[in-house]
Amino acid sequence: MTKKLFIKTYGCQMNVYDTERMVDLMSHEGYVKTDAPEEADLVVLNTCHIREKAAEKVYSDIGRIRVGFEKQKEKDLLERKNEKSEKIIAVAGCVAQAEGAEIMKRAPIVDMVFGPQTYHKLPDMVEEAAQMKEEGVQPRLLDTDLAVDEKFDFLSKKKITKKSSAFLTIQEGCDKFCTFCVVPYTRGAEFSRGIEDVMSDARKLQEAGVTEVTMLGQNVNAYHGRGEDGEEWTLPDLIRRLAKIDGFERLRYTTSHPHDMTDDLIKAHGEIPELMPYLHLPVQSGSDKILKAMNRTHTSAEYMKIIEDLRKVRPDIALSGDFIVGFPEETDADFEATMQLVRDTEYAQAYSFKYSVRPGTPAADMVQVEEHIKAERLAELQELLTQQQMRFNKKNEGQTMRVLMERFGKRENSLAGRSPYMQAVHVNLPSEEIAKKYLGKLVDIYVTNGGARSLRGDIVGLEKQGISAA
Ligand code: SAH
Ligand code: SF4
Ligand code: F3S
């Protein structure tokens, strides 16, 4: 009998990857995905702890799901069906890791809590929970072990991918301890997977017909996995090896730290055509005083030098970043230094946040900036970043670029994909049949419109192939 799984992902791409793995795992147990939590036999919330809002959202979602469950139960009772159905509700991810016991206290409906390093045990936990429910006890299982050793071994055996673009986790955890950040506590110490492991996953992706691989890690450019030869491999070593795999036409990696942006890695951007001209390189602030207080281990000048070197080897590279405004003791002058760094860099896109106090991190005990000042600074920074993004997208009008058509778009007979520069690209097609033909393919697109958030364009040569645009 098929069962239904509702899974919601919060936070970063590591969580997106973990969610895909949990779906793989549970599909081996006969679960299919559903978009409606009230219909599900198993509800998993894969959570993020990075900012207060992200963490609080989980509790309000749990509340909403509980109400949905109760309504469904009433309906089932009226219709006299599904009487013995016992739903299991699980909280996974970084909130689970950080606040496991508190979740159990605050949300009595939750049956199990497990962190990012133990989710491979999900099928076993579900079985145990189901057994307990059968016996009339609420499970309340908690597993927040941080050791990574067996997880990847286990997951590799269960992988199912059907997409043209896939994530491949090569590194996890973080030893950098930026003073604002929870990741070292929720994901644990830095860990690089061995080359053999990574290559085995890569081959599976190749067999599945994957065109684009994004290597993932919280500190992906600190990668130092053990090779078959016993030597340590760096990220550029690995990129060169993956680029040789037939079918892998596009490689990307995220997220990087300026500290580990080595000359060899920069060089790789100029040498490897498969390595896409896009880099997400968070800087957080343009003020050296603030960077120091954040424990970022780099100055703004060092960051700018990396950008300059990257542009030397790959002039068209699109840059993205992360920014925090209103970090403790940030003055107007510190904020202005951030604005100047943004003006000097000219980003293709970026993420920016108000500093959010995270209990247990060093910055939580520093002198805080007032909320209204944070809000004003964020608005100012975002306005500048939006202008830069628009400028970048506008520049592409009239150009032809290769786009990986990853999925159907929202409009009828449309496709959506990504440009080499990571922009979202939308294309309308004359019929569903034609849309299907291009799905999952790398296609030349003539860009007709560069908007604030995405590009629009037409497939080059569509009419020449005898398909008239109806
Ligand atoms: N490993 C990555 C990013 C991790 S978190 C890196 O080192 O850059 C993603 C982003 O969230 C960070 O880059 C930072 O900009 C933001 N962030 C992290 N902690 C935060 C906090 N306490 N308040 C506001 N933003 C935060
Ligand atoms: Fe967090 Fe800093 Fe590690 Fe990035 S490098 S995950 S911001 S501690
Ligand atoms: Fe959030 Fe955890 Fe990622 S805290 S940003 S989901 S590593």
# chains A, B, ... in the order shown; residues from 1 in each chain; ligands from 1
$ closest_atom_pairs --of "chain A" --to "ligand 3" --cutoff "6 Å" --atoms "only C-alpha atoms and all ligand atoms" --output "CSV"
residue,atom,partner,partner_atom_place_in_ligand_line,distance
A:Gly11,CA,ligand 3,6 (S),4.2
A:Cys12,CA,ligand 3,3 (Fe),4.1
A:Met14,CA,ligand 3,3 (Fe),5.8
A:Asn15,CA,ligand 3,6 (S),5.3
A:Cys48,CA,ligand 3,1 (Fe),3.6
A:His49,CA,ligand 3,4 (S),4.0
A:Ile50,CA,ligand 3,4 (S),4.1
A:Cys94,CA,ligand 3,2 (Fe),4.6
A:Val183,CA,ligand 3,7 (S),5.4
$ write_last_selection --atoms "N, CA and C atoms" --output "mmCIF file, in the first residue's frame"
data_model
loop_
_atom_site.group_PDB
_atom_site.id
_atom_site.type_symbol
_atom_site.label_atom_id
_atom_site.label_comp_id
_atom_site.auth_asym_id
_atom_site.auth_seq_id
_atom_site.Cartn_x
_atom_site.Cartn_y
_atom_site.Cartn_z
ATOM 1 N N GLY A 11 15.374 27.014 4.536
ATOM 2 C CA GLY A 11 16.811 27.256 4.585
ATOM 3 C C GLY A 11 17.577 27.024 3.308
ATOM 4 N N CYS A 12 18.780 26.494 3.436
ATOM 5 C CA CYS A 12 19.757 26.528 2.339
ATOM 6 C C CYS A 12 19.706 25.285 1.443
ATOM 7 N N MET A 14 21.780 22.915 1.243
ATOM 8 C CA MET A 14 22.117 21.672 1.943
ATOM 9 C C MET A 14 20.820 20.989 2.379
ATOM 10 N N ASN A 15 19.886 21.804 2.825
ATOM 11 C CA ASN A 15 18.598 21.245 3.232
ATOM 12 C C ASN A 15 17.807 20.723 2.032
ATOM 13 N N CYS A 48 15.370 25.220 9.329
ATOM 14 C CA CYS A 48 16.554 26.088 9.289
ATOM 15 C C CYS A 48 16.603 26.958 10.541
ATOM 16 N N HIS A 49 17.771 27.106 11.106
ATOM 17 C CA HIS A 49 17.939 27.818 12.373
ATOM 18 C C HIS A 49 18.721 29.118 12.213
ATOM 19 N N ILE A 50 18.999 29.502 10.967
ATOM 20 C CA ILE A 50 19.982 30.562 10.722
ATOM 21 C C ILE A 50 19.567 31.907 11.302
ATOM 22 N N CYS A 94 18.125 21.835 11.023
ATOM 23 C CA CYS A 94 18.959 22.594 11.953
ATOM 24 C C CYS A 94 18.239 23.059 13.208
ATOM 25 N N VAL A 183 25.627 27.682 12.240
ATOM 26 C CA VAL A 183 25.930 26.480 11.436
ATOM 27 C C VAL A 183 26.965 25.531 12.080
#
$ select_by_dssp --residues "region 133-219 of chain A" --states "helix (DSSP H, G or I)" --output "ChimeraX atom specification"
/A:133-134,151-156,183-186,195-207
$ write_last_selection --atoms "N, CA and C atoms" --output "tab-separated table (two decimals), in the first residue's frame"
chain	number	residue	atom	x	y	z
A	133	LYS	N	2.92	3.75	18.06
A	133	LYS	CA	1.56	4.28	17.92
A	133	LYS	C	0.53	3.16	17.97
A	134	GLU	N	0.89	2.06	17.31
A	134	GLU	CA	0.02	0.88	17.32
A	134	GLU	C	-0.25	0.44	18.75
A	151	LYS	N	26.54	8.25	7.46
A	151	LYS	CA	25.41	8.80	6.72
A	151	LYS	C	25.55	8.66	5.21
A	152	PHE	N	26.68	9.15	4.67
A	152	PHE	CA	26.84	9.16	3.22
A	152	PHE	C	26.90	7.76	2.63
A	153	ASP	N	27.55	6.83	3.36
A	153	ASP	CA	27.60	5.42	2.91
A	153	ASP	C	26.21	4.93	2.66
A	154	PHE	N	25.37	5.21	3.63
A	154	PHE	CA	24.02	4.71	3.60
A	154	PHE	C	23.20	5.35	2.48
A	155	LEU	N	23.35	6.65	2.36
A	155	LEU	CA	22.55	7.40	1.39
A	155	LEU	C	22.88	7.03	-0.04
A	156	SER	N	24.18	6.82	-0.32
A	156	SER	CA	24.62	6.54	-1.68
A	156	SER	C	23.87	5.36	-2.28
A	183	VAL	N	25.63	27.68	12.24
A	183	VAL	CA	25.93	26.48	11.44
A	183	VAL	C	26.97	25.53	12.08
A	184	PRO	N	28.06	26.05	12.65
A	184	PRO	CA	29.01	25.12	13.27
A	184	PRO	C	28.37	24.27	14.38
A	185	TYR	N	27.30	24.82	14.99
A	185	TYR	CA	26.62	24.08	16.06
A	185	TYR	C	25.55	23.13	15.52
A	186	THR	N	24.91	23.52	14.41
A	186	THR	CA	23.82	22.67	13.92
A	186	THR	C	24.31	21.60	12.96
A	195	ILE	N	37.24	11.13	-2.12
A	195	ILE	CA	37.06	11.21	-3.57
A	195	ILE	C	36.30	10.00	-4.13
A	196	GLU	N	36.63	8.83	-3.60
A	196	GLU	CA	35.99	7.61	-4.10
A	196	GLU	C	34.47	7.67	-3.93
A	197	ASP	N	34.07	8.13	-2.75
A	197	ASP	CA	32.66	8.32	-2.42
A	197	ASP	C	31.99	9.30	-3.36
A	198	VAL	N	32.65	10.43	-3.53
A	198	VAL	CA	32.11	11.49	-4.36
A	198	VAL	C	31.98	10.99	-5.80
A	199	MET	N	33.02	10.28	-6.29
A	199	MET	CA	32.99	9.82	-7.67
A	199	MET	C	31.91	8.76	-7.86
A	200	SER	N	31.68	7.97	-6.85
A	200	SER	CA	30.64	6.95	-6.97
A	200	SER	C	29.26	7.62	-7.12
A	201	ASP	N	29.03	8.67	-6.36
A	201	ASP	CA	27.79	9.44	-6.52
A	201	ASP	C	27.74	10.11	-7.88
A	202	ALA	N	28.89	10.63	-8.31
A	202	ALA	CA	28.94	11.32	-9.60
A	202	ALA	C	28.56	10.37	-10.73
A	203	ARG	N	29.06	9.15	-10.66
A	203	ARG	CA	28.73	8.19	-11.72
A	203	ARG	C	27.24	7.87	-11.73
A	204	LYS	N	26.65	7.82	-10.55
A	204	LYS	CA	25.20	7.59	-10.51
A	204	LYS	C	24.45	8.74	-11.17
A	205	LEU	N	24.91	9.94	-10.93
A	205	LEU	CA	24.27	11.09	-11.55
A	205	LEU	C	24.46	11.05	-13.07
A	206	GLN	N	25.64	10.62	-13.48
A	206	GLN	CA	25.91	10.51	-14.92
A	206	GLN	C	24.96	9.50	-15.55
A	207	GLU	N	24.83	8.35	-14.91
A	207	GLU	CA	23.92	7.31	-15.43
A	207	GLU	C	22.49	7.82	-15.51
$ residues_near_ligand --ligand "ligand 1" --cutoff "6 Å" --atoms "only C-alpha atoms and all ligand atoms" --output "ChimeraX atom specification"
/A:50-51,180-181,218-219,255,257,282,284,322-324,353-358
$ closest_residue --among "A:Gln72, A:Thr345, A:Thr214, A:Thr448" --to "Ala318 (chain A)" --atoms "only C-alpha atoms"
A:Thr345
$ residues_around --residues "region 435-446 of chain A" --least-positions-apart "2" --cutoff "12 Å" --atoms "only C-alpha atoms" --output "NGL selection string"
:A and (162-166 or 208-212 or 247-250 or 396-409 or 411-420 or 425-433 or 448-450 or 455-462 or 467 or 469)
$ write_last_selection --atoms "C-alpha atoms" --output "PDB file, in the first residue's frame"
ATOM      1  CA  LYS A 162      15.595  12.165 -12.450  1.00  0.00           C
ATOM      2  CA  LYS A 163      16.606  15.765 -12.904  1.00  0.00           C
ATOM      3  CA  SER A 164      18.879  17.469 -15.407  1.00  0.00           C
ATOM      4  CA  SER A 165      20.488  19.479 -12.627  1.00  0.00           C
ATOM      5  CA  ALA A 166      21.505  17.831  -9.376  1.00  0.00           C
ATOM      6  CA  ALA A 208      20.755   9.224 -14.556  1.00  0.00           C
ATOM      7  CA  GLY A 209      21.533  11.688 -17.353  1.00  0.00           C
ATOM      8  CA  VAL A 210      22.385  14.683 -15.214  1.00  0.00           C
ATOM      9  CA  THR A 211      23.821  17.640 -17.180  1.00  0.00           C
ATOM     10  CA  GLU A 212      24.600  20.048 -14.375  1.00  0.00           C
ATOM     11  CA  GLY A 247      27.569  14.387 -19.936  1.00  0.00           C
ATOM     12  CA  PHE A 248      28.567  16.780 -17.143  1.00  0.00           C
ATOM     13  CA  GLU A 249      28.414  19.951 -19.155  1.00  0.00           C
ATOM     14  CA  ARG A 250      27.974  22.322 -16.266  1.00  0.00           C
ATOM     15  CA  ASN A 396      21.804  40.413 -21.516  1.00  0.00           C
ATOM     16  CA  GLU A 397      18.999  41.685 -23.743  1.00  0.00           C
ATOM     17  CA  GLY A 398      19.788  40.902 -27.348  1.00  0.00           C
ATOM     18  CA  GLN A 399      22.327  38.216 -26.403  1.00  0.00           C
ATOM     19  CA  THR A 400      22.109  34.525 -27.068  1.00  0.00           C
ATOM     20  CA  MET A 401      22.976  32.220 -24.189  1.00  0.00           C
ATOM     21  CA  ARG A 402      22.838  28.561 -23.383  1.00  0.00           C
ATOM     22  CA  VAL A 403      20.111  27.724 -20.926  1.00  0.00           C
ATOM     23  CA  LEU A 404      19.455  24.448 -19.159  1.00  0.00           C
ATOM     24  CA  MET A 405      15.692  23.933 -19.363  1.00  0.00           C
ATOM     25  CA  GLU A 406      15.061  22.422 -15.955  1.00  0.00           C
ATOM     26  CA  ARG A 407      11.300  22.447 -15.530  1.00  0.00           C
ATOM     27  CA  PHE A 408       7.921  23.456 -16.860  1.00  0.00           C
ATOM     28  CA  GLY A 409       7.090  27.079 -16.182  1.00  0.00           C
ATOM     29  CA  ARG A 411       2.411  29.616 -17.807  1.00  0.00           C
ATOM     30  CA  GLU A 412       0.955  27.116 -20.210  1.00  0.00           C
ATOM     31  CA  ASN A 413       3.521  25.552 -22.579  1.00  0.00           C
ATOM     32  CA  SER A 414       6.410  27.369 -20.975  1.00  0.00           C
ATOM     33  CA  LEU A 415       9.766  26.215 -19.700  1.00  0.00           C
ATOM     34  CA  ALA A 416      12.047  27.627 -17.037  1.00  0.00           C
ATOM     35  CA  GLY A 417      15.765  27.185 -16.666  1.00  0.00           C
ATOM     36  CA  ARG A 418      19.029  28.802 -15.691  1.00  0.00           C
ATOM     37  CA  SER A 419      21.547  30.774 -17.681  1.00  0.00           C
ATOM     38  CA  PRO A 420      25.293  30.168 -17.202  1.00  0.00           C
ATOM     39  CA  VAL A 425      15.144  32.232 -17.752  1.00  0.00           C
ATOM     40  CA  HIS A 426      11.556  31.803 -18.983  1.00  0.00           C
ATOM     41  CA  VAL A 427      10.586  30.691 -22.459  1.00  0.00           C
ATOM     42  CA  ASN A 428       7.126  30.337 -24.028  1.00  0.00           C
ATOM     43  CA  LEU A 429       6.613  27.557 -26.550  1.00  0.00           C
ATOM     44  CA  PRO A 430       3.934  26.920 -29.153  1.00  0.00           C
ATOM     45  CA  SER A 431       2.759  23.599 -27.721  1.00  0.00           C
ATOM     46  CA  GLU A 432       3.185  21.178 -24.872  1.00  0.00           C
ATOM     47  CA  GLU A 433       4.747  18.702 -27.233  1.00  0.00           C
ATOM     48  CA  THR A 448      14.305  39.403 -25.425  1.00  0.00           C
ATOM     49  CA  ASN A 449      13.759  40.836 -21.966  1.00  0.00           C
ATOM     50  CA  GLY A 450      15.931  41.311 -18.870  1.00  0.00           C
ATOM     51  CA  LEU A 455      15.124  36.854 -18.192  1.00  0.00           C
ATOM     52  CA  ARG A 456      12.680  36.079 -20.955  1.00  0.00           C
ATOM     53  CA  GLY A 457      13.632  34.781 -24.359  1.00  0.00           C
ATOM     54  CA  ASP A 458      13.007  32.612 -27.395  1.00  0.00           C
ATOM     55  CA  ILE A 459      14.607  29.406 -28.543  1.00  0.00           C
ATOM     56  CA  VAL A 460      17.030  30.145 -31.358  1.00  0.00           C
ATOM     57  CA  GLY A 461      16.158  28.359 -34.604  1.00  0.00           C
ATOM     58  CA  LEU A 462      12.796  27.059 -33.455  1.00  0.00           C
ATOM     59  CA  ILE A 467       8.095  24.212 -36.022  1.00  0.00           C
ATOM     60  CA  ALA A 469       5.584  29.462 -33.500  1.00  0.00           C
TER      61      ALA A 469
END
$ atom_distance --atom1 "CA of Ile272 (chain A)" --atom2 "CA of Pro236 (chain A)"
9.7 Å
